[in-house]
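**Q** This is the structure I want to talk about, given as structure tokens.
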Amino acid sequence: AVALNGDVYWTCSSAGVIVRLSGGEAEVLLRDLDRPTGIALDHVGNLYFTEVPTPGVSGANGGSNAVSKYDLKNKKLTVIDEGDPEPTDVTALA
């Protein structure tokens, strides 16, 4: 995902991190995530991402997949949805 200022964000599922490339420097933005996959940014500075540690398993059947929002300005992480069988992608409108 690319921010309006040109920063680039991506997930690394195996390492459980989200990375930001800013000014030519890569840094881990979020860590200790559980297999992050989809990622998107909105125009006000929120980063959305999915975590899919139990692909194909709904919350009702013991799955722990989630969609979260990270406020880049306030550095606040909020889970906005849990229990979907496999939330692999997310899109934010500008």
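All residue names refer to the structure tokens as shown: chains lettered A, B, ... in order, residues numbered from 1 in each chain, ligands numbered from 1 in order.
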Could you name the residues that touch A:Ala1 at 8 Å or less, counting only C-alpha atoms, but leaving out those on the same chain fewer than 4 positions away, as an mmCIF file with all heavy atoms, in the first residue's frame?
**A**
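Final output, saved to out.cif:
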data_model
loop_
_atom_site.group_PDB
_atom_site.id
_atom_site.type_symbol
_atom_site.label_atom_id
_atom_site.label_comp_id
_atom_site.auth_asym_id
_atom_site.auth_seq_id
_atom_site.Cartn_x
_atom_site.Cartn_y
_atom_site.Cartn_z
ATOM 1 N N VAL A 8 5.708 3.492 1.573
ATOM 2 C CA VAL A 8 5.198 2.202 1.112
ATOM 3 C C VAL A 8 5.107 1.259 2.311
ATOM 4 O O VAL A 8 6.026 1.198 3.136
ATOM 5 C CB VAL A 8 6.117 1.590 0.037
ATOM 6 C CG1 VAL A 8 5.584 0.251 -0.440
ATOM 7 C CG2 VAL A 8 6.298 2.552 -1.133
ATOM 8 N N TYR A 9 3.990 0.547 2.410
ATOM 9 C CA TYR A 9 3.741 -0.385 3.508
ATOM 10 C C TYR A 9 3.495 -1.776 2.930
ATOM 11 O O TYR A 9 2.840 -1.911 1.908
ATOM 12 C CB TYR A 9 2.500 0.036 4.299
ATOM 13 C CG TYR A 9 2.621 1.384 4.967
ATOM 14 C CD1 TYR A 9 2.419 2.550 4.244
ATOM 15 C CD2 TYR A 9 2.920 1.470 6.317
ATOM 16 C CE1 TYR A 9 2.526 3.791 4.863
ATOM 17 C CE2 TYR A 9 3.019 2.704 6.945
ATOM 18 C CZ TYR A 9 2.823 3.856 6.208
ATOM 19 O OH TYR A 9 2.927 5.078 6.818
ATOM 20 N N TRP A 10 4.003 -2.806 3.620
ATOM 21 C CA TRP A 10 3.711 -4.172 3.199
ATOM 22 C C TRP A 10 3.722 -5.095 4.401
ATOM 23 O O TRP A 10 4.235 -4.758 5.460
ATOM 24 C CB TRP A 10 4.666 -4.670 2.119
ATOM 25 C CG TRP A 10 6.105 -4.813 2.529
ATOM 26 C CD1 TRP A 10 6.701 -5.918 3.071
ATOM 27 C CD2 TRP A 10 7.133 -3.832 2.407
ATOM 28 N NE1 TRP A 10 8.034 -5.678 3.303
ATOM 29 C CE2 TRP A 10 8.322 -4.402 2.900
ATOM 30 C CE3 TRP A 10 7.166 -2.515 1.941
ATOM 31 C CZ2 TRP A 10 9.530 -3.715 2.934
ATOM 32 C CZ3 TRP A 10 8.366 -1.831 1.972
ATOM 33 C CH2 TRP A 10 9.533 -2.425 2.456
ATOM 34 N N ILE A 39 -3.525 -5.518 3.125
ATOM 35 C CA ILE A 39 -3.146 -4.231 3.697
ATOM 36 C C ILE A 39 -3.693 -3.106 2.823
ATOM 37 O O ILE A 39 -3.764 -3.246 1.599
ATOM 38 C CB ILE A 39 -1.610 -4.132 3.851
ATOM 39 C CG1 ILE A 39 -1.208 -2.915 4.683
ATOM 40 C CG2 ILE A 39 -0.928 -4.146 2.502
ATOM 41 C CD1 ILE A 39 0.242 -2.952 5.129
ATOM 42 N N ALA A 40 -4.114 -2.016 3.462
ATOM 43 C CA ALA A 40 -4.620 -0.839 2.740
ATOM 44 C C ALA A 40 -4.459 0.389 3.626
ATOM 45 O O ALA A 40 -4.375 0.277 4.851
ATOM 46 C CB ALA A 40 -6.086 -1.020 2.356
ATOM 47 N N LEU A 41 -4.441 1.554 2.996
ATOM 48 C CA LEU A 41 -4.378 2.839 3.692
ATOM 49 C C LEU A 41 -5.562 3.683 3.279
ATOM 50 O O LEU A 41 -5.998 3.621 2.134
ATOM 51 C CB LEU A 41 -3.110 3.595 3.293
ATOM 52 C CG LEU A 41 -1.791 3.050 3.795
ATOM 53 C CD1 LEU A 41 -0.651 3.597 2.961
ATOM 54 C CD2 LEU A 41 -1.611 3.426 5.252
#
**Q** If we count only C-alpha atoms and set the cut-off at 12 Å, which residues sit around A:Thr54, ignoring sequence neighbours fewer than 3 positions away in its own chain? Please answer as a PyMOL selection string.
**A** chain A and resi 34-36+50-51+57-59+61-66+82-88
**Q** Between atom CA of A:Asn46 and atom CA of A:Leu72, measure the distance and give it in Å to one decimal.
**A** 5.7 Å
**Q** List the neighbours of A:Lys76 out to 12 Å using only C-alpha atoms; skip same-chain residues closer than 6 positions along the sequence, and give me the result as a PyMOL selection string.
**A** chain A and resi 30+45-48+68-70
**Q** Would you mind exporting all heavy atoms of the selected residues as an mmCIF file, in the first residue's frame?
**A**
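Below is the file that was written, again-v4.cif:
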data_model
loop_
_atom_site.group_PDB
_atom_site.id
_atom_site.type_symbol
_atom_site.label_atom_id
_atom_site.label_comp_id
_atom_site.auth_asym_id
_atom_site.auth_seq_id
_atom_site.Cartn_x
_atom_site.Cartn_y
_atom_site.Cartn_z
ATOM 1 N N LEU A 30 4.779 -2.565 12.780
ATOM 2 C CA LEU A 30 4.047 -3.399 13.731
ATOM 3 C C LEU A 30 4.673 -4.779 13.745
ATOM 4 O O LEU A 30 5.051 -5.298 12.691
ATOM 5 C CB LEU A 30 2.574 -3.512 13.337
ATOM 6 C CG LEU A 30 1.745 -2.233 13.405
ATOM 7 C CD1 LEU A 30 0.374 -2.454 12.772
ATOM 8 C CD2 LEU A 30 1.595 -1.777 14.839
ATOM 9 N N GLY A 45 -4.967 8.605 7.278
ATOM 10 C CA GLY A 45 -3.865 8.064 8.069
ATOM 11 C C GLY A 45 -4.166 6.818 8.858
ATOM 12 O O GLY A 45 -3.553 6.572 9.896
ATOM 13 N N ASN A 46 -5.097 6.013 8.374
ATOM 14 C CA ASN A 46 -5.363 4.724 8.994
ATOM 15 C C ASN A 46 -4.850 3.613 8.092
ATOM 16 O O ASN A 46 -5.044 3.647 6.877
ATOM 17 C CB ASN A 46 -6.860 4.529 9.230
ATOM 18 C CG ASN A 46 -7.400 5.481 10.264
ATOM 19 O OD1 ASN A 46 -6.889 5.568 11.371
ATOM 20 N ND2 ASN A 46 -8.430 6.216 9.900
ATOM 21 N N LEU A 47 -4.215 2.641 8.710
ATOM 22 C CA LEU A 47 -3.701 1.469 8.013
ATOM 23 C C LEU A 47 -4.593 0.295 8.408
ATOM 24 O O LEU A 47 -4.826 0.058 9.603
ATOM 25 C CB LEU A 47 -2.266 1.203 8.456
ATOM 26 C CG LEU A 47 -1.582 -0.030 7.919
ATOM 27 C CD1 LEU A 47 -1.219 0.188 6.457
ATOM 28 C CD2 LEU A 47 -0.326 -0.326 8.716
ATOM 29 N N TYR A 48 -5.127 -0.403 7.432
ATOM 30 C CA TYR A 48 -5.978 -1.565 7.671
ATOM 31 C C TYR A 48 -5.238 -2.810 7.231
ATOM 32 O O TYR A 48 -4.533 -2.798 6.213
ATOM 33 C CB TYR A 48 -7.280 -1.451 6.875
ATOM 34 C CG TYR A 48 -8.098 -0.241 7.254
ATOM 35 C CD1 TYR A 48 -7.871 0.986 6.648
ATOM 36 C CD2 TYR A 48 -9.088 -0.335 8.225
ATOM 37 C CE1 TYR A 48 -8.609 2.101 6.995
ATOM 38 C CE2 TYR A 48 -9.837 0.772 8.586
ATOM 39 C CZ TYR A 48 -9.591 1.997 7.965
ATOM 40 O OH TYR A 48 -10.321 3.096 8.327
ATOM 41 N N SER A 68 -7.945 -5.518 11.266
ATOM 42 C CA SER A 68 -7.598 -4.490 12.239
ATOM 43 C C SER A 68 -7.329 -3.156 11.570
ATOM 44 O O SER A 68 -7.035 -3.086 10.377
ATOM 45 C CB SER A 68 -6.353 -4.908 13.032
ATOM 46 O OG SER A 68 -6.593 -6.079 13.764
ATOM 47 N N LYS A 69 -7.401 -2.104 12.391
ATOM 48 C CA LYS A 69 -7.092 -0.745 11.947
ATOM 49 C C LYS A 69 -5.995 -0.202 12.847
ATOM 50 O O LYS A 69 -6.075 -0.323 14.076
ATOM 51 C CB LYS A 69 -8.328 0.144 12.042
ATOM 52 C CG LYS A 69 -8.061 1.614 11.713
ATOM 53 C CD LYS A 69 -9.329 2.441 11.767
ATOM 54 C CE LYS A 69 -9.596 2.884 13.177
ATOM 55 N NZ LYS A 69 -10.644 3.905 13.279
ATOM 56 N N TYR A 70 -4.968 0.406 12.239
ATOM 57 C CA TYR A 70 -3.906 1.042 12.999
ATOM 58 C C TYR A 70 -3.875 2.512 12.622
ATOM 59 O O TYR A 70 -3.652 2.865 11.460
ATOM 60 C CB TYR A 70 -2.554 0.387 12.699
ATOM 61 C CG TYR A 70 -1.416 0.968 13.488
ATOM 62 C CD1 TYR A 70 -1.335 0.795 14.865
ATOM 63 C CD2 TYR A 70 -0.419 1.681 12.860
ATOM 64 C CE1 TYR A 70 -0.291 1.329 15.591
ATOM 65 C CE2 TYR A 70 0.636 2.219 13.581
ATOM 66 C CZ TYR A 70 0.699 2.035 14.947
ATOM 67 O OH TYR A 70 1.741 2.566 15.663
#
**Q** Work out how far atom CA of A:Asp81 is from atom CA of A:Leu4, in Å to one decimal.
**A**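 Going from atom CA of A:Leu4 over to atom CA of A:Asp81 covers 25.7 Å.
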**Q** Provide the atom CA of A:Thr78 to atom CA of A:Gly6 distance in Å, to one decimal place.
**A**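 Atom-to-atom, atom CA of A:Thr78 to atom CA of A:Gly6, that is 24.2 Å.
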**Q** I want to know what sits within 12 Å of A:Glu27, based on only C-alpha atoms, with residues of the same chain fewer than 5 positions away left out; could you give that as JSON, numbers by chain?
**A** {"A": [7, 8, 9, 10, 11, 17, 18, 19, 20, 21, 22]}
**Q** Please write the residues from the selection above to a file, keeping N, CA, C and O atoms, as a PDB file, in the first residue's frame.
**A**
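File produced: again_34.pdb:
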ATOM      1  N   ASP A   7       5.215   7.008   1.207  1.00  0.00           N
ATOM      2  CA  ASP A   7       5.648   5.875   2.026  1.00  0.00           C
ATOM      3  C   ASP A   7       4.978   4.603   1.522  1.00  0.00           C
ATOM      4  O   ASP A   7       3.821   4.623   1.111  1.00  0.00           O
ATOM      5  N   VAL A   8       5.708   3.492   1.573  1.00  0.00           N
ATOM      6  CA  VAL A   8       5.198   2.202   1.112  1.00  0.00           C
ATOM      7  C   VAL A   8       5.107   1.259   2.311  1.00  0.00           C
ATOM      8  O   VAL A   8       6.026   1.198   3.136  1.00  0.00           O
ATOM      9  N   TYR A   9       3.990   0.547   2.410  1.00  0.00           N
ATOM     10  CA  TYR A   9       3.741  -0.385   3.508  1.00  0.00           C
ATOM     11  C   TYR A   9       3.495  -1.776   2.930  1.00  0.00           C
ATOM     12  O   TYR A   9       2.840  -1.911   1.908  1.00  0.00           O
ATOM     13  N   TRP A  10       4.003  -2.806   3.620  1.00  0.00           N
ATOM     14  CA  TRP A  10       3.711  -4.172   3.199  1.00  0.00           C
ATOM     15  C   TRP A  10       3.722  -5.095   4.401  1.00  0.00           C
ATOM     16  O   TRP A  10       4.235  -4.758   5.460  1.00  0.00           O
ATOM     17  N   THR A  11       3.112  -6.268   4.210  1.00  0.00           N
ATOM     18  CA  THR A  11       3.081  -7.288   5.256  1.00  0.00           C
ATOM     19  C   THR A  11       4.139  -8.341   4.972  1.00  0.00           C
ATOM     20  O   THR A  11       4.503  -8.584   3.824  1.00  0.00           O
ATOM     21  N   VAL A  17       5.002  -9.266  10.675  1.00  0.00           N
ATOM     22  CA  VAL A  17       5.264  -7.830  10.780  1.00  0.00           C
ATOM     23  C   VAL A  17       4.630  -7.054   9.636  1.00  0.00           C
ATOM     24  O   VAL A  17       4.297  -7.615   8.595  1.00  0.00           O
ATOM     25  N   ILE A  18       4.493  -5.745   9.856  1.00  0.00           N
ATOM     26  CA  ILE A  18       4.181  -4.797   8.800  1.00  0.00           C
ATOM     27  C   ILE A  18       5.362  -3.845   8.729  1.00  0.00           C
ATOM     28  O   ILE A  18       5.837  -3.343   9.755  1.00  0.00           O
ATOM     29  N   VAL A  19       5.851  -3.621   7.518  1.00  0.00           N
ATOM     30  CA  VAL A  19       7.043  -2.805   7.287  1.00  0.00           C
ATOM     31  C   VAL A  19       6.649  -1.529   6.565  1.00  0.00           C
ATOM     32  O   VAL A  19       5.752  -1.534   5.719  1.00  0.00           O
ATOM     33  N   ARG A  20       7.350  -0.437   6.895  1.00  0.00           N
ATOM     34  CA  ARG A  20       7.153   0.837   6.195  1.00  0.00           C
ATOM     35  C   ARG A  20       8.488   1.253   5.571  1.00  0.00           C
ATOM     36  O   ARG A  20       9.515   1.230   6.236  1.00  0.00           O
ATOM     37  N   LEU A  21       8.433   1.630   4.304  1.00  0.00           N
ATOM     38  CA  LEU A  21       9.585   2.189   3.608  1.00  0.00           C
ATOM     39  C   LEU A  21       9.338   3.682   3.470  1.00  0.00           C
ATOM     40  O   LEU A  21       8.394   4.102   2.804  1.00  0.00           O
ATOM     41  N   SER A  22      10.170   4.483   4.146  1.00  0.00           N
ATOM     42  CA  SER A  22      10.010   5.933   4.146  1.00  0.00           C
ATOM     43  C   SER A  22      11.372   6.579   3.930  1.00  0.00           C
ATOM     44  O   SER A  22      12.315   6.289   4.680  1.00  0.00           O
TER      45      SER A  22
END
**Q** If you run DSSP on the backbone here, which positions in stretch 44-85 of chain A get strand (DSSP E)? Please write them as an mmCIF file with N, CA and C atoms, in the first residue's frame.
**A**
data_model
loop_
_atom_site.group_PDB
_atom_site.id
_atom_site.type_symbol
_atom_site.label_atom_id
_atom_site.label_comp_id
_atom_site.auth_asym_id
_atom_site.auth_seq_id
_atom_site.Cartn_x
_atom_site.Cartn_y
_atom_site.Cartn_z
ATOM 1 N N ASN A 46 -5.097 6.013 8.374
ATOM 2 C CA ASN A 46 -5.363 4.724 8.994
ATOM 3 C C ASN A 46 -4.850 3.613 8.092
ATOM 4 N N LEU A 47 -4.215 2.641 8.710
ATOM 5 C CA LEU A 47 -3.701 1.469 8.013
ATOM 6 C C LEU A 47 -4.593 0.295 8.408
ATOM 7 N N TYR A 48 -5.127 -0.403 7.432
ATOM 8 C CA TYR A 48 -5.978 -1.565 7.671
ATOM 9 C C TYR A 48 -5.238 -2.810 7.231
ATOM 10 N N PHE A 49 -5.398 -3.896 7.974
ATOM 11 C CA PHE A 49 -4.735 -5.136 7.579
ATOM 12 C C PHE A 49 -5.502 -6.331 8.122
ATOM 13 N N THR A 50 -5.252 -7.466 7.510
ATOM 14 C CA THR A 50 -5.876 -8.711 7.952
ATOM 15 C C THR A 50 -4.811 -9.610 8.564
ATOM 16 N N GLU A 51 -5.254 -10.469 9.465
ATOM 17 C CA GLU A 51 -4.403 -11.519 10.018
ATOM 18 C C GLU A 51 -5.151 -12.834 9.810
ATOM 19 N N ALA A 66 -8.665 -12.058 11.767
ATOM 20 C CA ALA A 66 -9.152 -10.734 12.158
ATOM 21 C C ALA A 66 -8.808 -9.679 11.110
ATOM 22 N N VAL A 67 -9.547 -8.578 11.177
ATOM 23 C CA VAL A 67 -9.267 -7.365 10.406
ATOM 24 C C VAL A 67 -9.042 -6.265 11.427
ATOM 25 N N SER A 68 -7.945 -5.518 11.266
ATOM 26 C CA SER A 68 -7.598 -4.490 12.239
ATOM 27 C C SER A 68 -7.329 -3.156 11.570
ATOM 28 N N LYS A 69 -7.401 -2.104 12.391
ATOM 29 C CA LYS A 69 -7.092 -0.745 11.947
ATOM 30 C C LYS A 69 -5.995 -0.202 12.847
ATOM 31 N N TYR A 70 -4.968 0.406 12.239
ATOM 32 C CA TYR A 70 -3.906 1.042 12.999
ATOM 33 C C TYR A 70 -3.875 2.512 12.622
ATOM 34 N N ASP A 71 -4.123 3.374 13.603
ATOM 35 C CA ASP A 71 -4.091 4.817 13.398
ATOM 36 C C ASP A 71 -2.633 5.253 13.399
ATOM 37 N N LYS A 76 -2.628 3.872 17.518
ATOM 38 C CA LYS A 76 -3.631 3.065 18.218
ATOM 39 C C LYS A 76 -4.081 1.922 17.319
ATOM 40 N N LEU A 77 -4.039 0.712 17.840
ATOM 41 C CA LEU A 77 -4.443 -0.485 17.113
ATOM 42 C C LEU A 77 -5.808 -0.943 17.608
ATOM 43 N N THR A 78 -6.734 -1.175 16.665
ATOM 44 C CA THR A 78 -8.090 -1.598 16.993
ATOM 45 C C THR A 78 -8.484 -2.769 16.110
ATOM 46 N N VAL A 79 -8.946 -3.853 16.694
ATOM 47 C CA VAL A 79 -9.512 -4.962 15.920
ATOM 48 C C VAL A 79 -10.927 -4.541 15.544
ATOM 49 N N ILE A 80 -11.228 -4.544 14.233
ATOM 50 C CA ILE A 80 -12.551 -4.106 13.795
ATOM 51 C C ILE A 80 -13.450 -5.246 13.357
ATOM 52 N N ASP A 81 -12.895 -6.449 13.170
ATOM 53 C CA ASP A 81 -13.715 -7.606 12.817
ATOM 54 C C ASP A 81 -12.957 -8.874 13.179
ATOM 55 N N GLU A 82 -13.668 -9.844 13.714
ATOM 56 C CA GLU A 82 -13.086 -11.146 14.027
ATOM 57 C C GLU A 82 -14.044 -12.241 13.589
#
**Q** Taking only C-alpha atoms into account, name the residue in A:Gly16, A:Pro55, A:Val44, A:Lys73 that is nearest to A:Ala3.
**A**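 Going through A:Gly16, A:Pro55, A:Val44, A:Lys73 one by one, the smallest distance to A:Ala3 is for A:Val44.
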